[in-house]
Amino acid sequence: MEPFTLIRPRTLDAAQTRALGAPAERVYKAGGIDLLDLLKEGLARPAELIDLRSLGDEHGQAMRALAASDSGWSVGALNTLAAISASALPQAYAALREAAGSAATPSIRNSATLGGNLLQRPRCWYFRHRDLHCLKKGGERCLADGGENKFHAILGGGPCHIVHPSTLAVALVALDAQVEIIGAEGPRRIPVGELFALPRVSPTAENTLGEGEVIRGVTLPAAAAGQRSVYEVAKEKQSFDWPLAEVAVALSVEGGALRTVRVALGHVAPTPWRAVQVEEALTGQAPSAELFARVAALATQGARSLGDNAYKIPLVQGLVRAALHRACDVPVPA
Amino acid sequence: MAGETTIYTLRLGFDDKLKAVKVEVPKGEPRPWDADSELAVIGRDTPRIDSVPKVTGAAQYTHDVRLPGMLHAAVLRSPHPAAEIEHLDVSPALKQPGVRAAIDLVKVGDKVRFAGADVAAVAAKTRDEARAALASIVVRYRPLPFVVDLDEAIQPGSPKVHEKAVKDRRTEGDEPSEGGKARVEGNVRRNPSLSKGSSNKGLRQAKVRHEATYTTQVHTHSALETHSIVVRWDSPKAMTAWCSTQGIFSVRDELAGVFELKPADVKVFTEYMGGGFGAKFGASAPGSRLGWIAGELARKSKAPVSLLLDRHEEHVCTGNRPGSTQRVTLGATTSGELTAIHVVGHGSAGIGTGAGIGNNAFGIYTRCPNILVESRDVFCNTGPGTAFRAPGHPQGAFAIELAIDELALKLGKDPLELRIGHVEHPVRRAQLELGRERFRWAERRREADAKRSRGARYLTGVGVACSIWGDYGRKNAARVTVSVDRDGVVEVRNGVQDIGGGITTVLAMVAAEVFARPVPSIRVQVGNSELGPSVGSGGSQTTSSVAPAARNAAEAVKAELTELAAKLLGRGSTEGLVWGSDGVSEVGGRKRTIAFAELCKKIEGEAVVATASRPQTYNAGPMRHPSAPVYQIAGAHFIEAEVDTWTGVVRVPEVLAIHDVGRVHNPLTTRSQVNGGIALGISYALMEQRIVDRGSGRMLNPNLESYKIIGAAELPKLDIVFTELHTGANSTGAVGIGEPSTIPTAAAIACAVHHAIGRPVRSLPMTPDRVLAAIQGA
């Protein structure tokens, strides 16, 4: 790890002024969890870390807020995963609380922030290896393609085959969240899905943020009547491990039929992945175990195995089933 | 003492099977503790006497050693799995900030054979400076063809890993080997077979056969404290080393050997250590010459040098449990009598040897008359395998035990009854029968079958597997000194390292028992080569080698103190004097007592001191080990597994572990060892796995993130039962537990998963990808 200077600006304006012009040299820091890994692995060698946790202006306050607003709920980017997990977010948004409470470990959740979770770099073992130079690092090809790809993408991959590491993003996609971004030209707001970019757009970056831009927070839209949301995950280890696959579902049941269904999959694609076919197949139907078993297969339409990751197909289907059962209170076979 | 013996009649055996046995003990040895011994300290839960410094951080590990003027070393390692060195120049490193010495570790023309092999090293004022300086070293490699996959390495025509015979590194309990004389073809080296009867004949007689291939992964030791050594030269002919080791004396001897010193001029300290599972014998790691590097850099720089490996290095060059591919063929009669066991095992210890897997298949279900276990080492361009907590056993157990379950299913037999019908060891049989009741075997099996037949999402299964180990406690290896001084201080001294099993506390307990003193009053000094010879912690032999020696020394001191008491009481002999918590008392007559403190004040000179060892095992125990000249230790694990059929995730809610541990000296730390053995076994069964990239030959998960190790969330409910066995084998009856406690865990989980889903998962670890494939019948 190289030495660096820690800058603690009081205002977002000062932070952005500092950051502009030297994106590799001066980087933002929030919880510092992924950044510390990148520093230790030599994947980032910044001269300055600009700490967003020192912001004392209105932006800083907004970034720490977690509250109901006129049109739903706002969750500031500096909220820790632990805070989100323990927050008063209503049951309609339970998927976000569950996702936040499931990631990493208790000690990491006490430091890791919403913004950092959305913007962390992928965990691909070729990308993270100190001796290997892959496409994502500016090399010639994706080493996972034809290599060891058990944890890689079955959907949306190519030419790089990472899976997106953010667990919160999966819940936010299911909840149709908007991301509030502050740049040099002022604020802008985009659906959370548009924050992420597939590798065919840019193999070396995972998001669409411009230089100096900062995520201020996310907004969860007002919940539909009777909205339920859940998060389901499978891991090889129950703590301190990354998902093999994860699913967030938001839906409501009106007059015995499913409405406003959103299903998002994680750790199966280079971005959080919406299972639109599943949503369509469920909409208007009465919830039942048979329906869930049938539609789960639609979650992986177009999925392609790289060799070692074919298991993710039945696995994510199983998680879709499990999530639907729980969201609709339909008992699983026991 | 030669030839002079005393005969004691002891009550030996286990459970209700105790009987009087005449045991011949060398003269001067105390009467061995047996079933009739009434002990006040030994056998009772006793917290570690060194727990406070450990939990407060006061304990000094090798990583904590800071000496005046100490430099820090870093090692340049080959990024190539196979290459020839065409050019090497370390001199630019000498110009880097803080650097005081740089050495090459290979010469031009040498070959490196795995990614991570030693190339060069530097010593600098800080660790960061040392690491940074490595980049300035100029090396030109000529990359050579390589092979990192076991199955590929077996193929004729695959790149040859070694041109010449390879030397074995051996420890107690290792599988058989013929060393340099072994026959080698390509990358495949033959090890001696374990054989009895004729497996061919047995298979011809069989009416039911089961044949399948089982594979196990490479498992790295991943001790919390990485390999570390600090070397200081005290004169051109003498040095002191601090080392995280499980063998202080092997560190001393290795350093003396490589630097041409007298062993007596090399001091080694291991006051505390952060874990060792077989890869920490000697000053060096199996794949890196750490002792030479630290010593040579210290010599060149004329300053002490600290060499601490990082986690990446720890994974790639400090050893591992070899992977294996085992072809198992079983034959049986229709009534369920095994007629043959035939195993052909190929194991890869990377560039090293010792990947045999035979003892579980050969030594447990011995009613089978025909057994043949053939074993081969397969060389690969990966870091060397080495001893790892019960070398060969967990992988061997996995294959034979799962194969037996699969055969039982074909036969329509209960797999536990099939096992009970084929074991001969009386303790093992009793353990299996005990587990059947205590684990509610039949009831749980029925419940699990019902869940499977109604198509539940979460299925459960129960499995059982056995362990086999030997009593490797050694004679005359540990020389323990016990002293009692005029101030009443009782001290036990020995050069042994405490690997974490708790020998420090056991030594205090033995002295407390003999002198009837409280445990906290006993001083124990260990972890220092100056304190008298001792054993390495391998083969589960520490307690059984050291505790009896401590008792023998303590008894000698006690005898002298008893003589003194007799003299003070004006008695002609020590007859009629007993030791109690008050001191030494007369049994009859005036029933006078001399308090311990008063007695000690009368010691002539400073202290009464005795040093003793333990002799060879003097009674054989219930059954011999089938392939080693020692008494056999038995154990069994009964395990329930739960499988989420929608995700393939396996969890282990409950484990019953039953082990023969001889006399349990400290139940608290003995259970702790079994807890650790089971945790390691679950970790091996479900998640730990070295992933090597076939394209680059690099380990892809040299960290503790994607190399996954069990955490608290995976720990099951544990029920640990000790079959207390009075062997009369040594003066305290100690027998090892460290290794046997991990042998059957993964195998029993595999059997439980097989029971749960009705199909076998024949590869470890049983990760969701493999479990889902098995469920889908792939």
# chains A, B, ... in the order shown; residues from 1 in each chain; ligands from 1

$ interface_residues --of "chain A" --to "chain B" --cutoff "10 Å" --atoms "only C-alpha atoms" --output "number ranges by chain"
A: 1-2, 123-132, 143-144, 146-151, 233-242, 244-245, 308-322, 332-334

$ select_by_dssp --residues "segment 201-244 of chain A" --states "strand (DSSP E)" --output "MDAnalysis selection string"
chainID A and resid 214:221 228:234

$ select_by_dssp --residues "segment 186-411 of chain B" --states "helix (DSSP H, G or I)" --output "tab-separated table (two decimals) with C-alpha atoms, in the first residue's frame"
chain	number	residue	atom	x	y	z
B	199	SER	CA	-8.83	-58.09	-3.66
B	200	ASN	CA	-9.15	-59.66	-7.12
B	201	LYS	CA	-10.40	-62.89	-5.62
B	202	GLY	CA	-12.73	-60.98	-3.31
B	203	LEU	CA	-14.20	-59.04	-6.20
B	204	ARG	CA	-14.73	-62.25	-8.18
B	205	GLN	CA	-16.65	-63.70	-5.24
B	248	ILE	CA	11.23	-25.90	18.24
B	249	PHE	CA	13.94	-28.52	17.99
B	250	SER	CA	13.48	-29.08	14.27
B	251	VAL	CA	13.89	-25.32	13.83
B	252	ARG	CA	17.09	-25.46	15.87
B	253	ASP	CA	18.45	-28.42	13.91
B	254	GLU	CA	17.59	-26.93	10.54
B	255	LEU	CA	19.26	-23.61	11.36
B	256	ALA	CA	22.31	-25.42	12.76
B	257	GLY	CA	22.45	-27.53	9.59
B	258	VAL	CA	22.17	-24.76	7.01
B	259	PHE	CA	24.54	-22.39	8.82
B	263	PRO	CA	22.74	-27.20	17.67
B	264	ALA	CA	23.72	-26.14	21.18
B	265	ASP	CA	24.67	-22.73	19.80
B	290	LEU	CA	12.54	-18.98	5.32
B	291	GLY	CA	15.22	-20.03	7.83
B	292	TRP	CA	18.03	-19.59	5.34
B	293	ILE	CA	16.59	-16.31	4.02
B	294	ALA	CA	16.23	-14.67	7.45
B	295	GLY	CA	19.56	-16.01	8.72
B	296	GLU	CA	21.54	-15.08	5.62
B	297	LEU	CA	20.03	-11.59	5.42
B	298	ALA	CA	20.79	-11.13	9.12
B	299	ARG	CA	24.37	-12.27	8.60
B	300	LYS	CA	24.89	-9.96	5.60
B	301	SER	CA	23.26	-6.93	7.16
B	311	ARG	CA	-1.56	-14.28	3.43
B	312	HIS	CA	-0.92	-14.67	-0.29
B	313	GLU	CA	2.48	-16.26	0.36
B	314	GLU	CA	1.03	-18.36	3.15
B	315	HIS	CA	-1.43	-19.93	0.73
B	316	VAL	CA	0.96	-20.61	-2.15
B	317	CYS	CA	4.26	-21.70	-0.62
B	359	ASN	CA	-5.20	-46.04	6.20
B	360	ASN	CA	-8.94	-45.46	6.38
B	361	ALA	CA	-9.72	-47.89	3.58
B	362	PHE	CA	-7.23	-50.42	4.96
B	363	GLY	CA	-7.57	-50.19	8.71
B	393	HIS	CA	-6.97	-39.47	6.41
B	394	PRO	CA	-9.82	-37.01	5.75
B	395	GLN	CA	-9.53	-37.56	2.00
B	396	GLY	CA	-9.25	-41.35	2.41
B	397	ALA	CA	-12.16	-41.39	4.85
B	398	PHE	CA	-14.35	-39.40	2.47
B	399	ALA	CA	-13.93	-41.91	-0.37
B	400	ILE	CA	-14.24	-45.17	1.56
B	401	GLU	CA	-17.07	-44.05	3.84
B	402	LEU	CA	-19.21	-42.59	1.06
B	403	ALA	CA	-18.54	-45.68	-1.06
B	404	ILE	CA	-19.71	-47.87	1.81
B	405	ASP	CA	-22.91	-45.84	2.09
B	406	GLU	CA	-23.51	-46.19	-1.62
B	407	LEU	CA	-22.93	-49.94	-1.38
B	408	ALA	CA	-25.31	-50.13	1.59
B	409	LEU	CA	-28.01	-48.45	-0.49
B	410	LYS	CA	-27.49	-51.04	-3.26
B	411	LEU	CA	-27.65	-53.83	-0.71

$ closest_residue --among "A:Thr5, A:Asn110, A:Ser305, A:Thr283" --to "Pro46 of chain A" --atoms "only C-alpha atoms"
A:Thr5

$ atom_distance --atom1 "atom CA of Ala184 of chain A" --atom2 "atom CA of Gln16 of chain A"
7.4 Å

$ atom_distance --atom1 "atom CA of Asn381 of chain B" --atom2 "atom CA of His227 of chain B"
21.6 Å

$ residues_around --residues "Asn619 of chain B" --least-positions-apart "6" --cutoff "9 Å" --atoms "only C-alpha atoms" --output "NGL selection string"
:B and (23-24 or 631 or 727-730)

$ residues_around --residues "Val249 of chain A" --least-positions-apart "5" --cutoff "9 Å" --atoms "only C-alpha atoms" --output "PyMOL selection string"
chain A and resi 95+171+174-175+228-232+261-265+320+323-324+327
